[in-house]
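Visitor: Just dropping this structure here.
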Amino acid sequence: MSVLSGKKIILGVTGGIAAYKTANLVRLFIKAGAQVQVIMTPASVDFVTPLTLSTLSKNPVYINFFNDELSTTSTETSKTALWNNHVEMGLWADFMVIAPATANTMSKMVNGNCDNLLLATYLSAKCPVYFAPAMDLDMYKHPSTLNSFEALKKFGNIMIPAESGELASGLSGEGRMAEPENILSFIEKDITSKLPLKNKKILITAGPTYEAIDPVRFIGNHSTGKMGYDIADAAANLGAEVILVSGPSHLKPKNPLVNVVRVTSAAQMHEACHNYFNNVDVAIAAAAVADYKPKNVASQKIKKNDSAFTIELEKTTDILASLGEVKKNQFLIGFALETENEIEHAKQKIQKKNLDLIVLNSLNDEGAGFGKPTNKVTFISKNFTIEPQPLKSKEEVAKDIINKIVEHYA
Ligand code: CTP
């Protein structure tokens with residue numbers, strides 16, 4: 001999966017011959033799973049048609065501050081002009097790409113000129129801005145162009161250098177806009193290199209465990225694994241290498257970079273976790289591990305004979321506590337599900353299991369617990385800082401947990 005998946009991109013197209021290549025660039029962004037909003041300068045429409053870019057981006061293309069077309073609502077007969085809100089678009093985007101960036105547009109960006117919608121959006125945008133210059137070789141080397149490059153970089157914009165080759169003038173040299181494939185990989189690499197959990201390895205447990213009674217029966221629980229899978233996705237999305245040790249679950253991580261190790265029982269989960277724990281930076285125990293398992297597992301299916309039937313249970317190993325015992329520098333996060341005296345019990349678990357952070361679920365909270373899409377948690381750190389959180393979707397709780405890790409390493 002591309003790091004551009006789900007990203008909102010404004011592609012600013014300015015008036016140079018390389019504008020024709022933006023059709024391919026839009027295609028590549030869309031293929032990578034991004035949403036694309038194209039804004040063109042009036043001069044660029046001579047080089048590539050708005051209809052082409054609109055069709056490929058699956059969005060209207062904006063050129064002017066006002067829409068040329070007037071909209072009519074079904075209930076009104078009067079017509080209203082539509083304002084293309086550059087401030088809103090600037091804030092909507094995760095990042096902006098100006099490609100091709102002509103000498104003229106770059107000079108205006110340097111000086112804060114604002115005589116078209118693209119420049120107004122650029123000035124309003126708070127997100128990272130990439131620019132891919134394109135011009136003839138002598139223009140590319142001109143001191144004023146070089147000044148523009150330096151000034152734009154000083155403002156924090158990111159330059160995607162031009163490539164060398166044959167130019168529209170017939171001359172050959174530096175100044176050709178980077179090929180769309182190269183623009184895409186430049187941006188992907190740049191984003192990946194800045195992800196906050198890059199170079200971090202995270203072990204996560206998820207789901208229930210099944211403890212065999214006989215070859216066909218087991219003791220399990222209603223955990224779907226959703227919380228752990230959401231945490232795994234959130235960590236991988238921020239660049240972490242993730243090992244997800246999952247008990248039986250129908251779920252699949254959304255981020256294909258998550259490595260899933262599938263296990264069934266608490267003993268298998270324990271073994272898998274210890275295989276990886278030494279080499280990870282963080283471990284998060286989100287699994288609903290069975291606390292007890294049958295002492296003896298029948299080798300053949302147990303026949304129903306008597307009116308009553310008893311299974312002798314013994315404790316499973318507490319995986320989280322066993323990780324706490326051998327922990328070195330790992331940041332260790334556990335969950336606690338409590339029904340009474342919640343904070344006190346959670347604090348005791350922090351100490352007993354040698355944790356750095358505990359995520360407390362209270363069953364007294366509406367919307368928290370198994371099988372629900374939401375969760376209401378309280379974070380308690382090892383120095384007993386208590387941070388109650390509002391009711392949120394499990395995806396959001398997962399992001400909050402991962403942000404705690406980002407904060408820890410910040
Ligand atoms: N846990 C684990 N291995 C177990 C039991 C629990 O790794 N055999 C982990 C869970 O993944 C969770 C945490 O321990 O992160 C807390 O589990 P919980 O059931 O709330 O508490 P327990 O320690 O089992 O204590 P009790 O049930 O007595 O409250």
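Chain labels A, B, ... are given in the sequence in which chains occur in the structure tokens; within each chain residues are numbered consecutively from 1, and ligands are likewise numbered from 1 in the order shown.
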Using DSSP assignments from the backbone, pull out every residue in segment 80-323 of chain A that falls under helix (DSSP H, G or I) and give it to me as a PyMOL selection string.

Guide: chain A and resi 86-92+103-111+117-124+137-141+143-154+180-193+226-237+266-277+319-323

Visitor: Could you list, as a PyMOL selection string, all protein and nucleic acid residues with an atom at most 10 Å from ligand 1, counting only C-alpha atoms and all ligand atoms?

Guide: chain A and resi 204-209+228+266-267+269-270+273+284-293+315-324+332-339+342+345-346+348-350+352-353+355+358-362

Visitor: Go through A:Thr145, A:Asn259, A:Thr310, A:Thr121 and flag the residue nearest Glu88 of chain A, using only C-alpha atoms for the distances.

Guide: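 The answer is A:Thr121, which sits nearest to Glu88 of chain A.
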
Visitor: Please report, as number ranges by chain, each residue of segment 91-299 of chain A to which DSSP assigns strand (DSSP E or B) when run on this structure's backbone.

Guide: A: 95-101, 129-133, 158-159, 163-166, 172-176, 201-206, 208, 211-212, 218-219, 241-246, 259-262, 282-285, 288, 292-294

Visitor: Using only C-alpha atoms, find the one residue out of A:Phe331, A:Tyr130, A:Tyr62, A:Tyr122 that sits nearest to Pro100 of chain A.

Guide: A:Tyr130

Visitor: Give me the residues near segment 231-235 of chain A as a PyMOL selection string, where near means some atom within 12 Å (using only C-alpha atoms) and where sequence neighbours in that chain fewer than 6 positions away do not count.

Guide: chain A and resi 1+195-206+225+241-246+251-260+282-287+333+393-406

Visitor: Neighbouring residues of Trp92 of chain A were defined as those with any atom within 10 Å, considering only C-alpha atoms; residues of the same chain fewer than 3 positions away were excluded. Please report them as a list in words.

Guide: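 Final neighbour list, sorted by chain and number: Lys8, Ile9, Ile10, Gln37, His86, Val87, Glu88, Met89, Phe95, Ala125, Lys126 and Cys127 of chain A.
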
Visitor: Using only N, CA, C and O atoms, please write the residues we just selected to a file, as a short mmCIF file (atom, residue, chain, number, x, y, z; two decimals), in the first residue's frame.

Guide:
data_model
loop_
_atom_site.label_atom_id
_atom_site.label_comp_id
_atom_site.auth_asym_id
_atom_site.auth_seq_id
_atom_site.Cartn_x
_atom_site.Cartn_y
_atom_site.Cartn_z
N LYS A 8 -5.11 13.50 0.86
CA LYS A 8 -5.82 14.50 0.05
C LYS A 8 -4.78 15.41 -0.57
O LYS A 8 -4.02 16.06 0.15
N ILE A 9 -4.75 15.41 -1.91
CA ILE A 9 -3.69 16.14 -2.62
C ILE A 9 -4.29 17.25 -3.47
O ILE A 9 -5.25 17.01 -4.22
N ILE A 10 -3.74 18.45 -3.37
CA ILE A 10 -4.06 19.49 -4.36
C ILE A 10 -2.93 19.47 -5.38
O ILE A 10 -1.76 19.61 -5.03
N GLN A 37 -7.48 16.97 -5.96
CA GLN A 37 -8.19 18.18 -6.39
C GLN A 37 -7.23 18.99 -7.26
O GLN A 37 -6.18 19.42 -6.78
N HIS A 86 -10.59 29.17 -1.77
CA HIS A 86 -9.17 28.77 -1.74
C HIS A 86 -8.71 28.45 -0.32
O HIS A 86 -7.86 27.60 -0.11
N VAL A 87 -9.31 29.14 0.68
CA VAL A 87 -8.89 28.89 2.07
C VAL A 87 -9.30 27.48 2.47
O VAL A 87 -8.50 26.71 3.02
N GLU A 88 -10.56 27.14 2.15
CA GLU A 88 -11.06 25.80 2.47
C GLU A 88 -10.22 24.72 1.79
O GLU A 88 -9.84 23.73 2.40
N MET A 89 -9.90 24.94 0.52
CA MET A 89 -9.12 23.93 -0.22
C MET A 89 -7.72 23.80 0.37
O MET A 89 -7.19 22.70 0.52
N PHE A 95 -1.30 17.62 1.42
CA PHE A 95 -0.15 18.31 0.81
C PHE A 95 -0.52 18.79 -0.58
O PHE A 95 -1.53 18.38 -1.16
N ALA A 125 -2.46 27.62 2.20
CA ALA A 125 -2.22 26.23 2.61
C ALA A 125 -1.25 26.18 3.80
O ALA A 125 -0.26 26.90 3.84
N LYS A 126 -1.59 25.30 4.74
CA LYS A 126 -0.69 25.10 5.90
C LYS A 126 0.09 23.79 5.74
O LYS A 126 0.92 23.45 6.57
N CYS A 127 -0.26 23.02 4.70
CA CYS A 127 0.33 21.69 4.53
C CYS A 127 1.66 21.80 3.78
O CYS A 127 1.99 22.86 3.24
#

Visitor: If you count only C-alpha atoms, which residues fall within 7 Å of Ile219 of chain A, apart from same-chain ones fewer than 3 positions away, as a PyMOL selection string?

Guide: chain A and resi 210-212

Visitor: Between A:Leu313, A:Val129, A:Leu137, A:Leu184, which is the closest to Ile158 of chain A once you count only C-alpha atoms?

Guide: A:Val129

Visitor: Just to confirm, what's the straight-line distance from atom CA of Glu407 of chain A to atom CA of Ser381 of chain A in Å (one decimal)?

Guide: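 These atoms are spaced 12.4 Å apart.
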
Visitor: Tell me, as number ranges by chain, which residues lie within 12 Å of Ser172 of chain A, counting only C-alpha atoms; anything in the same chain fewer than 3 positions away does not count.

Guide: A: 135-138, 163-169, 175-176

Visitor: Output C-alpha atoms for every residue in the selection just made, as an mmCIF file, in the first residue's frame.

Guide:
data_model
loop_
_atom_site.group_PDB
_atom_site.id
_atom_site.type_symbol
_atom_site.label_atom_id
_atom_site.label_comp_id
_atom_site.auth_asym_id
_atom_site.auth_seq_id
_atom_site.Cartn_x
_atom_site.Cartn_y
_atom_site.Cartn_z
ATOM 1 C CA MET A 135 11.522 25.268 -18.052
ATOM 2 C CA ASP A 136 14.195 25.643 -20.666
ATOM 3 C CA LEU A 137 17.792 25.001 -19.603
ATOM 4 C CA ASP A 138 18.925 28.652 -19.656
ATOM 5 C CA GLU A 163 15.603 16.216 -14.878
ATOM 6 C CA SER A 164 17.970 16.456 -17.832
ATOM 7 C CA GLY A 165 16.997 15.559 -21.347
ATOM 8 C CA GLU A 166 15.474 16.897 -24.486
ATOM 9 C CA LEU A 167 13.487 20.088 -23.943
ATOM 10 C CA ALA A 168 10.521 21.568 -25.792
ATOM 11 C CA SER A 169 12.864 24.141 -27.374
ATOM 12 C CA GLY A 175 14.965 21.790 -16.903
ATOM 13 C CA ARG A 176 12.581 18.989 -17.861
#

Visitor: Ranking A:Ser2, A:Ser249, A:Gln300, A:Ser124 by minimum distance to Ala236 of chain A and counting only C-alpha atoms, which one comes first?

Guide: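 Using only C-alpha atoms, the shortest distance to Ala236 of chain A belongs to A:Ser2.
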
Visitor: Which residue is closest to Lys303 of chain A? Choose from A:Arg217, A:Gly156, A:Ser265, A:Lys328 and count only C-alpha atoms.

Guide: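 So, comparing all the options, the nearest one is A:Arg217.
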
Visitor: For each of A:Leu146, A:Val297, A:Leu391, A:Ile39, take the minimum atom-to-atom distance to Ser57 of chain A, counting only C-alpha atoms, then give the residue where this is smallest.

Guide: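 Closest to Ser57 of chain A, using only C-alpha atoms: A:Ile39.
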
Visitor: Work out how far apart atom CA of Ser144 of chain A and atom CA of Met159 of chain A are and give it in Å to one decimal.

Guide: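 Taking atom CA of Ser144 of chain A as the start and atom CA of Met159 of chain A as the end point, the length is 15.9 Å.
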
Visitor: Please compute the atom CA of Gly12 of chain A-atom CA of Leu171 of chain A distance, one decimal, in Å.

Guide: 26.3 Å

Visitor: For the contact check between segment 114-183 of chain A and segment 22-28 of chain A, emit one row per residue of segment 114-183 of chain A within 9 Å, containing the shortest atom pair and the distance in Å rounded to one decimal, counting only C-alpha atoms, chain then rising number order, as a tab-separated table.

Guide:
residue	atom	partner	partner_atom	distance
A:Glu179	CA	A:Leu25	CA	8.5
A:Pro180	CA	A:Leu25	CA	4.9
A:Glu181	CA	A:Leu25	CA	7.3
A:Ile183	CA	A:Leu25	CA	7.9
